[in-house]
Every structure is written in structure tokens, then in C-alpha cells.
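Colleague: My questions all concern the structure below.
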Number of protein chains: 2
Amino acid sequence: MNKNQSLPWDHPRFRSWIAVARACQLMQQSLGRSLAELEIKTPHLDILINLYRFEGISQQELARKLLVGRSNMSMLLPQMEKRGLIERRGDEKDKRVLRLFLTPEGREVTEKAMVIQTDLIERVLSPEPIEQCMAMAESMERIIHVLQQEDLVDED
Amino acid sequence: MNKNQSLPWDHPRFRSWIAVARACQLMQQSLGRSLAELEIKTPHLDILINLYRFEGISQQELARKLLVGRSNMSMLLPQMEKRGLIERRGDEKDKRVLRLFLTPEGREVTEKAMVIQTDLIERVLSPEPIEQCMAMAESMERIIHVLQQEDLVDED
DNA sequence: ACAATAAAGTACAACGATGAACAAAAATCA
DNA sequence: TGATTTTTGTTCATCGTTGTACTTTATTGT
């Protein structure tokens, strides 16, 4: 089991991925600090942005998009409803599902938060050529696709 | 405050970054599942890999490298010590610091875990040309640098 | 040398995320 | 139709992370 010849940090793709993970972690932390002024946290923003795009989505669908468990939504959404950011209405046709909507205040907070997030991304990513960003996005989307395929197989 | 003309998802760098974050999240989850067979979790692996590379590091230095708080290390490391993966020895010269070392078992587990992680990364990233991976790594390292600079300024 | 300050590590309370067990409502199918 | 299975959402116990306050040890400044 002598790995001296193939330590991970001699492995170019390994090093690349470590850098990706680190950058993500730092971005997340930085975003979290910037969002403090709106009194929301990054998980709330993820939810808000999805409701902004996909109004009337169910908790289940939202959880799937965010790659978290349903119970997570059951914990967070009632809080956000009490804060007046979102509203949950029962579906007429299927009484199991709760459909989610932004309140006017929620929409306002979301827009402010999206400005903060976009500014941060722009500020940090603008030194990178746009072609490089696009190429990166394509790589990442392929990676996402591969990993999600595997998840489906696991659930058999 | 009409954002209809500049929604974030029309913003190329925003879309790119969302893809990066999503890919990271999925990788983390996939790695977590694969590590279950070694009965460790991803935070433990981060620690083990750092001790593998930087033997004798202090808890403080380790926390800084991992971008987490000191208290986090104070919670995790005693657990890992009890499991026999690591050892903590007091520094002779500075009685405040505890220096961290892998036990033989810890080294063994680390090597197995690194194989798992490297295989996962290789499997998922191998469709991407190596030049693209290298370019991505360089971008990410620049991003890391920018964000860390800002952190230092904040701490003034 | 002595006081004040800084640094390393710990303890603890608060919060977020998770998975399992559960209730209610559909969907399936015999 | 009636029984079984699936789906949606909730509850709860557990675990990891964080920030704050605290102890001990070094360092700094006078």
C-alpha cells in the first residue's frame, strides 16, 4: 500500500477539484456575511431564489432542487412564513401538497439579496475571461449530470 | 427596482457559479456516501488529509487551513483521538499548543480514503480535458486569493 | 519584573441538517 | 369498491458547526 508514487496532490484533477471546493466554501462564507444585513442566511436565499423563479412550487420539488431532505424544508419554511417572506397555500386538487409563494416583502428581500449575490460573483469572477467562465459552466453541468445519474441508480 | 432586465440567471458568470456550487454539493454528498464504508465523514477526511501532509500541525493551524472555527477542531479531534486515528501531543516549547499526528491506523484509513476520493474525482472529471481542468484550477486559485484577501481586511 | 494584551485550546448553548418514524391523502390494482 | 402502496409533509432525536465566554500560557510594553 505504498502511495508515495501517486499522492493525490500530484494528481492534476485532484488538485483542481480541491481548489474548486475551497473557492466554494469561501464564497459561501462571504455571501453569508453579506446577507447578514438582510437578516437571512444562505439556505434562505436558495429557497427565495427558487420561489422567485418557480412560483407555486411544492415543498417536495423545492427540496429536490436544493438537494436537501424534505424535513429540512419542513423546518425552514414555517420560519420564513412567520417572518412574512413566503406564503404556503394548500393545493386544491391534491390536499397533500403545499404550494409556495413569495409575499411582496419576500420578493423585495429576494431582489436585494440577488443584487448582493450577483455583485459578489461579478466582483470575484470578473478577472476571469468570460470564455473561461462559460467553459467552466459547461464542465460543471456535465459533472452535475454524471453525479445525478448515479444518485438515481442508487435509489433503485 | 425593476430587475426584469437583469435577472441573475441571464448573467453568465452567475449561472457559471451556480453550476460550480451545485457540482460541489453533489460531489460532497457522493464522497460522504463512499466514505461510509470507512466509517468516517467528510470533515474527518479533510482533517486526515491535512495531517497526512502536514504532520505535527497545531489545532489552530489546522482550523485555519480548513476554514472552520477553532471550536470545531476541539469537538472533532478528541473523537478522532478516541477512535485511534490521530494523536495529540503537547508542544514542549509552547505549552498552549497541541501538535497533531496520525496513528498507523489513521494513516491506513487516510490512504484508503484518498484512494476513494481520487477515484471519485477521476471518474467524474476525466471527461473534461486536462487543459480545461488546469485552467479551472488557476481560476479557482485566483478566486481563493481574492476572497482570502477580503477576509484579512475584515478582521482589522 | 509586572501589568496588560494576545493566542491556543475548551465548554457550552444555539442553530441547522439529517434520517427515521409517523399521519394524511392520493394512486394503484385486484 | 376495498386493500395496498406511494407520496407529501411533519415531528423528533441526533449530530455537526458556530460564536461566545472562559482558562491557561506567551508575549508585549513600561
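Going through the C-alpha cells in order, the chains are called A, B, and so on, while each chain numbers its residues from 1 and the ligands are numbered from 1 in the order shown.
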Chain B near chain D within 12 Å: what's each residue's closest atom pair and its distance in Å to one decimal, counting only C-alpha atoms (C1' of nucleotides), ordered by chain then ascending residue number, as JSON lines?
Modeller:
{"residue": "B:Lys41", "atom": "CA", "partner": "D:DG16", "partner_atom": "C1'", "distance": 10.5}
{"residue": "B:Thr42", "atom": "CA", "partner": "D:DG16", "partner_atom": "C1'", "distance": 11.2}
{"residue": "B:Pro43", "atom": "CA", "partner": "D:DG16", "partner_atom": "C1'", "distance": 9.3}
{"residue": "B:His44", "atom": "CA", "partner": "D:DG16", "partner_atom": "C1'", "distance": 11.3}
{"residue": "B:Leu67", "atom": "CA", "partner": "D:DT17", "partner_atom": "C1'", "distance": 11.8}
{"residue": "B:Val68", "atom": "CA", "partner": "D:DT17", "partner_atom": "C1'", "distance": 8.5}
{"residue": "B:Gly69", "atom": "CA", "partner": "D:DT18", "partner_atom": "C1'", "distance": 7.4}
{"residue": "B:Arg70", "atom": "CA", "partner": "D:DT18", "partner_atom": "C1'", "distance": 9.8}
{"residue": "B:Ser71", "atom": "CA", "partner": "D:DT18", "partner_atom": "C1'", "distance": 8.1}
{"residue": "B:Asn72", "atom": "CA", "partner": "D:DT17", "partner_atom": "C1'", "distance": 6.6}
{"residue": "B:Met73", "atom": "CA", "partner": "D:DT17", "partner_atom": "C1'", "distance": 10.2}
{"residue": "B:Ser74", "atom": "CA", "partner": "D:DT17", "partner_atom": "C1'", "distance": 11.5}
{"residue": "B:Met75", "atom": "CA", "partner": "D:DG16", "partner_atom": "C1'", "distance": 9.2}
{"residue": "B:Leu76", "atom": "CA", "partner": "D:DG16", "partner_atom": "C1'", "distance": 9.1}
{"residue": "B:Asp91", "atom": "CA", "partner": "D:DT25", "partner_atom": "C1'", "distance": 11.8}
{"residue": "B:Lys93", "atom": "CA", "partner": "D:DA26", "partner_atom": "C1'", "distance": 10.3}
{"residue": "B:Asp94", "atom": "CA", "partner": "D:DT25", "partner_atom": "C1'", "distance": 7.6}
{"residue": "B:Lys95", "atom": "CA", "partner": "D:DT25", "partner_atom": "C1'", "distance": 6.4}
{"residue": "B:Arg96", "atom": "CA", "partner": "D:DT25", "partner_atom": "C1'", "distance": 5.6}
{"residue": "B:Val97", "atom": "CA", "partner": "D:DT25", "partner_atom": "C1'", "distance": 9.3}
Colleague: Any chance you could export the current selection's N, CA and C atoms as a compact mmCIF listing (two decimals), in the first residue's frame?
Modeller:
# COMPACT_ATOMS: atom_id res chain seq x y z
N LYS B 41 -16.53 10.60 8.06
CA LYS B 41 -17.30 11.56 7.28
C LYS B 41 -16.35 12.57 6.65
N THR B 42 -16.91 13.38 5.77
CA THR B 42 -16.03 14.28 5.01
C THR B 42 -15.22 15.23 5.90
N PRO B 43 -15.78 15.75 6.98
CA PRO B 43 -14.92 16.62 7.82
C PRO B 43 -13.72 15.86 8.38
N HIS B 44 -13.93 14.59 8.72
CA HIS B 44 -12.80 13.80 9.21
C HIS B 44 -11.74 13.64 8.13
N LEU B 67 -10.69 26.36 7.09
CA LEU B 67 -11.66 27.48 7.07
C LEU B 67 -12.80 27.24 8.05
N VAL B 68 -12.50 26.67 9.19
CA VAL B 68 -13.53 26.48 10.22
C VAL B 68 -13.03 27.09 11.52
N GLY B 69 -13.91 27.13 12.51
CA GLY B 69 -13.55 27.72 13.79
C GLY B 69 -12.71 26.77 14.63
N ARG B 70 -12.01 27.35 15.60
CA ARG B 70 -11.19 26.50 16.48
C ARG B 70 -12.04 25.53 17.26
N SER B 71 -13.22 25.99 17.65
CA SER B 71 -14.06 25.13 18.48
C SER B 71 -14.46 23.87 17.73
N ASN B 72 -14.58 24.00 16.43
CA ASN B 72 -14.89 22.83 15.62
C ASN B 72 -13.82 21.75 15.83
N MET B 73 -12.58 22.15 15.77
CA MET B 73 -11.49 21.19 15.98
C MET B 73 -11.54 20.60 17.39
N SER B 74 -11.87 21.44 18.34
CA SER B 74 -11.93 20.95 19.72
C SER B 74 -13.04 19.92 19.90
N MET B 75 -14.04 19.95 19.05
CA MET B 75 -15.09 18.96 19.13
C MET B 75 -14.69 17.68 18.39
N LEU B 76 -14.11 17.83 17.18
CA LEU B 76 -13.86 16.66 16.34
C LEU B 76 -12.62 15.89 16.77
N ASP B 91 3.10 20.53 22.81
CA ASP B 91 4.37 21.09 22.35
C ASP B 91 5.25 21.37 23.58
N LYS B 93 7.85 23.47 23.77
CA LYS B 93 8.25 24.87 23.94
C LYS B 93 7.08 25.78 24.27
N ASP B 94 5.92 25.47 23.70
CA ASP B 94 4.74 26.31 23.95
C ASP B 94 3.64 25.41 24.49
N LYS B 95 3.42 25.53 25.78
CA LYS B 95 2.52 24.58 26.41
C LYS B 95 1.06 24.82 26.08
N ARG B 96 0.79 25.86 25.28
CA ARG B 96 -0.60 26.07 24.87
C ARG B 96 -0.99 25.15 23.73
N VAL B 97 -0.03 24.84 22.86
CA VAL B 97 -0.41 24.17 21.61
C VAL B 97 -0.34 22.66 21.71
Colleague: Could you please select, counting only C-alpha atoms (C1' of nucleotides), the residues of chain C within 10 Å of chain B and state them as a list in words?
Modeller: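 Applying the cut-off to the listed atoms yields DA7, DA8, DG9, DT10 and DA11 of chain C.
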Colleague: Residues of chain A within 7 Å of chain B: nearest atom pair and distance (Å, one decimal) for each, counting only C-alpha atoms, sorted by chain and number, as JSON lines?
Modeller:
{"residue": "A:Pro8", "atom": "CA", "partner": "B:Thr118", "partner_atom": "CA", "distance": 6.6}
{"residue": "A:Arg13", "atom": "CA", "partner": "B:Cys133", "partner_atom": "CA", "distance": 6.3}
{"residue": "A:Phe14", "atom": "CA", "partner": "B:Thr118", "partner_atom": "CA", "distance": 6.4}
{"residue": "A:Ser16", "atom": "CA", "partner": "B:Ala137", "partner_atom": "CA", "distance": 4.5}
{"residue": "A:Ala19", "atom": "CA", "partner": "B:Met140", "partner_atom": "CA", "distance": 5.7}
{"residue": "A:Val20", "atom": "CA", "partner": "B:Met140", "partner_atom": "CA", "distance": 5.8}
{"residue": "A:Ala21", "atom": "CA", "partner": "B:Cys24", "partner_atom": "CA", "distance": 6.2}
{"residue": "A:Ala23", "atom": "CA", "partner": "B:Ile144", "partner_atom": "CA", "distance": 5.2}
{"residue": "A:Cys24", "atom": "CA", "partner": "B:Ala21", "partner_atom": "CA", "distance": 6.2}
{"residue": "A:Leu26", "atom": "CA", "partner": "B:Leu147", "partner_atom": "CA", "distance": 6.6}
{"residue": "A:Met114", "atom": "CA", "partner": "B:Pro8", "partner_atom": "CA", "distance": 6.9}
{"residue": "A:Thr118", "atom": "CA", "partner": "B:Phe14", "partner_atom": "CA", "distance": 6.3}
{"residue": "A:Ile121", "atom": "CA", "partner": "B:Phe14", "partner_atom": "CA", "distance": 6.4}
{"residue": "A:Glu122", "atom": "CA", "partner": "B:Arg13", "partner_atom": "CA", "distance": 6.8}
{"residue": "A:Val124", "atom": "CA", "partner": "B:Ile143", "partner_atom": "CA", "distance": 6.0}
{"residue": "A:Leu125", "atom": "CA", "partner": "B:Arg13", "partner_atom": "CA", "distance": 6.9}
{"residue": "A:Glu128", "atom": "CA", "partner": "B:Ser139", "partner_atom": "CA", "distance": 6.6}
{"residue": "A:Cys133", "atom": "CA", "partner": "B:Ser16", "partner_atom": "CA", "distance": 6.2}
{"residue": "A:Met134", "atom": "CA", "partner": "B:Ser16", "partner_atom": "CA", "distance": 6.5}
{"residue": "A:Met136", "atom": "CA", "partner": "B:Met136", "partner_atom": "CA", "distance": 6.7}
{"residue": "A:Ala137", "atom": "CA", "partner": "B:Ser16", "partner_atom": "CA", "distance": 4.5}
{"residue": "A:Ser139", "atom": "CA", "partner": "B:Glu128", "partner_atom": "CA", "distance": 6.5}
{"residue": "A:Met140", "atom": "CA", "partner": "B:Ala19", "partner_atom": "CA", "distance": 5.7}
{"residue": "A:Glu141", "atom": "CA", "partner": "B:Ala19", "partner_atom": "CA", "distance": 6.2}
{"residue": "A:Ile143", "atom": "CA", "partner": "B:Val124", "partner_atom": "CA", "distance": 6.0}
{"residue": "A:Ile144", "atom": "CA", "partner": "B:Ala23", "partner_atom": "CA", "distance": 5.2}
{"residue": "A:Val146", "atom": "CA", "partner": "B:Val124", "partner_atom": "CA", "distance": 6.8}
{"residue": "A:Leu147", "atom": "CA", "partner": "B:Leu26", "partner_atom": "CA", "distance": 6.6}
Colleague: One decimal, Å: what's the distance from CA of Gln149 (chain A) over to CA of Glu37 (chain B), could you say?
Modeller: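 Result for CA of Gln149 (chain A) versus CA of Glu37 (chain B): 21.3 Å, one decimal.
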Colleague: Using DSSP on the backbone, list every residue of chain A that comes out as helix (DSSP H, G or I), and give them as number ranges by chain.
Modeller: A: 8-10, 12-38, 42-53, 59-66, 70-82, 104-125, 130-154
Colleague: Could those selected residues go to a file with C-alpha atoms, as a short mmCIF file (atom, residue, chain, number, x, y, z; two decimals), in the first residue's frame?
Modeller:
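What landed in again.cif:
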data_model
loop_
_atom_site.label_atom_id
_atom_site.label_comp_id
_atom_site.auth_asym_id
_atom_site.auth_seq_id
_atom_site.Cartn_x
_atom_site.Cartn_y
_atom_site.Cartn_z
CA PRO A 8 -3.36 12.86 -4.52
CA TRP A 9 -1.74 16.28 -4.68
CA ASP A 10 0.39 15.10 -7.56
CA PRO A 12 -3.84 17.34 -11.51
CA ARG A 13 -7.58 16.76 -11.42
CA PHE A 14 -7.46 16.20 -7.68
CA ARG A 15 -5.68 19.49 -7.15
CA SER A 16 -8.17 21.21 -9.42
CA TRP A 17 -11.11 19.87 -7.52
CA ILE A 18 -9.68 20.80 -4.16
CA ALA A 19 -9.36 24.36 -5.42
CA VAL A 20 -12.97 24.31 -6.60
CA ALA A 21 -14.20 23.09 -3.23
CA ARG A 22 -12.18 25.68 -1.37
CA ALA A 23 -13.38 28.52 -3.54
CA CYS A 24 -16.97 27.40 -2.98
CA GLN A 25 -16.51 27.31 0.74
CA LEU A 26 -15.07 30.83 0.78
CA MET A 27 -17.78 32.16 -1.49
CA GLN A 28 -20.43 30.66 0.74
CA GLN A 29 -18.90 32.25 3.81
CA SER A 30 -18.53 35.61 2.11
CA LEU A 31 -22.09 35.52 0.85
CA GLY A 32 -23.31 34.61 4.31
CA ARG A 33 -21.62 37.66 5.80
CA SER A 34 -23.06 39.95 3.12
CA LEU A 35 -26.56 38.59 3.60
CA ALA A 36 -26.50 39.37 7.30
CA GLU A 37 -27.71 42.89 6.59
CA LEU A 38 -30.94 41.45 5.18
CA THR A 42 -27.67 31.32 2.56
CA PRO A 43 -30.20 28.47 2.86
CA HIS A 44 -32.99 31.05 2.94
CA LEU A 45 -31.62 32.71 -0.16
CA ASP A 46 -31.55 29.43 -2.04
CA ILE A 47 -35.21 29.00 -1.20
CA LEU A 48 -36.16 32.56 -2.08
CA ILE A 49 -34.44 32.46 -5.44
CA ASN A 50 -36.19 29.24 -6.35
CA LEU A 51 -39.58 30.65 -5.37
CA TYR A 52 -38.79 33.76 -7.38
CA ARG A 53 -38.22 31.65 -10.45
CA GLN A 59 -42.04 21.67 -0.80
CA GLN A 60 -41.02 18.35 -2.28
CA GLU A 61 -39.98 19.84 -5.60
CA LEU A 62 -38.11 22.59 -3.80
CA ALA A 63 -36.22 20.11 -1.66
CA ARG A 64 -35.23 18.15 -4.77
CA LYS A 65 -33.93 21.27 -6.50
CA LEU A 66 -31.90 22.24 -3.44
CA ARG A 70 -37.88 17.18 2.83
CA SER A 71 -37.59 17.57 6.57
CA ASN A 72 -35.23 20.44 6.01
CA MET A 73 -37.97 22.33 4.20
CA SER A 74 -40.43 21.47 6.93
CA MET A 75 -38.09 23.15 9.40
CA LEU A 76 -37.19 26.25 7.40
CA LEU A 77 -40.38 27.17 5.57
CA PRO A 78 -42.63 27.73 8.58
CA GLN A 79 -39.98 30.09 9.98
CA MET A 80 -39.90 32.04 6.76
CA GLU A 81 -43.67 32.11 6.65
CA LYS A 82 -43.77 33.61 10.14
CA PRO A 104 -44.37 41.22 -1.60
CA GLU A 105 -41.85 41.61 1.21
CA GLY A 106 -40.26 38.30 0.30
CA ARG A 107 -39.94 39.40 -3.31
CA GLU A 108 -38.33 42.65 -2.18
CA VAL A 109 -35.82 40.89 0.06
CA THR A 110 -35.08 38.41 -2.71
CA GLU A 111 -34.30 41.16 -5.18
CA LYS A 112 -31.96 42.86 -2.76
CA ALA A 113 -30.27 39.58 -1.95
CA MET A 114 -29.85 38.71 -5.62
CA VAL A 115 -28.13 42.02 -6.17
CA ILE A 116 -25.77 41.25 -3.31
CA GLN A 117 -25.03 37.79 -4.66
CA THR A 118 -24.60 38.94 -8.24
CA ASP A 119 -22.27 41.73 -7.16
CA LEU A 120 -20.16 39.31 -5.17
CA ILE A 121 -19.91 36.87 -8.05
CA GLU A 122 -19.18 39.63 -10.51
CA ARG A 123 -16.52 41.12 -8.27
CA VAL A 124 -14.77 37.81 -7.73
CA LEU A 125 -15.19 36.28 -11.17
CA ILE A 130 -15.87 35.14 -19.97
CA GLU A 131 -14.96 32.25 -22.27
CA GLN A 132 -13.24 30.55 -19.36
CA CYS A 133 -16.37 31.03 -17.21
CA MET A 134 -18.56 29.55 -19.89
CA ALA A 135 -16.25 26.59 -20.39
CA MET A 136 -16.25 26.06 -16.64
CA ALA A 137 -20.02 26.17 -16.52
CA GLU A 138 -20.21 23.53 -19.21
CA SER A 139 -17.79 21.29 -17.37
CA MET A 140 -19.73 21.72 -14.16
CA GLU A 141 -23.01 20.92 -15.83
CA ARG A 142 -21.57 17.73 -17.23
CA ILE A 143 -20.29 16.83 -13.77
CA ILE A 144 -23.69 17.56 -12.25
CA HIS A 145 -25.30 15.35 -14.83
CA VAL A 146 -22.96 12.45 -14.11
CA LEU A 147 -23.46 12.69 -10.37
CA GLN A 148 -27.21 12.95 -10.61
CA GLN A 149 -27.34 9.88 -12.85
CA GLU A 150 -25.52 7.96 -10.13
CA ASP A 151 -27.92 9.17 -7.48
CA LEU A 152 -30.83 7.80 -9.46
CA VAL A 153 -29.15 4.43 -9.81
CA ASP A 154 -28.53 4.33 -6.05
#
Colleague: To test your reading of the structure, identify every residue in chain A that backbone DSSP assigns to strand (DSSP E or B), and report it as number ranges by chain.
Modeller: A: 58, 86-90, 98-102
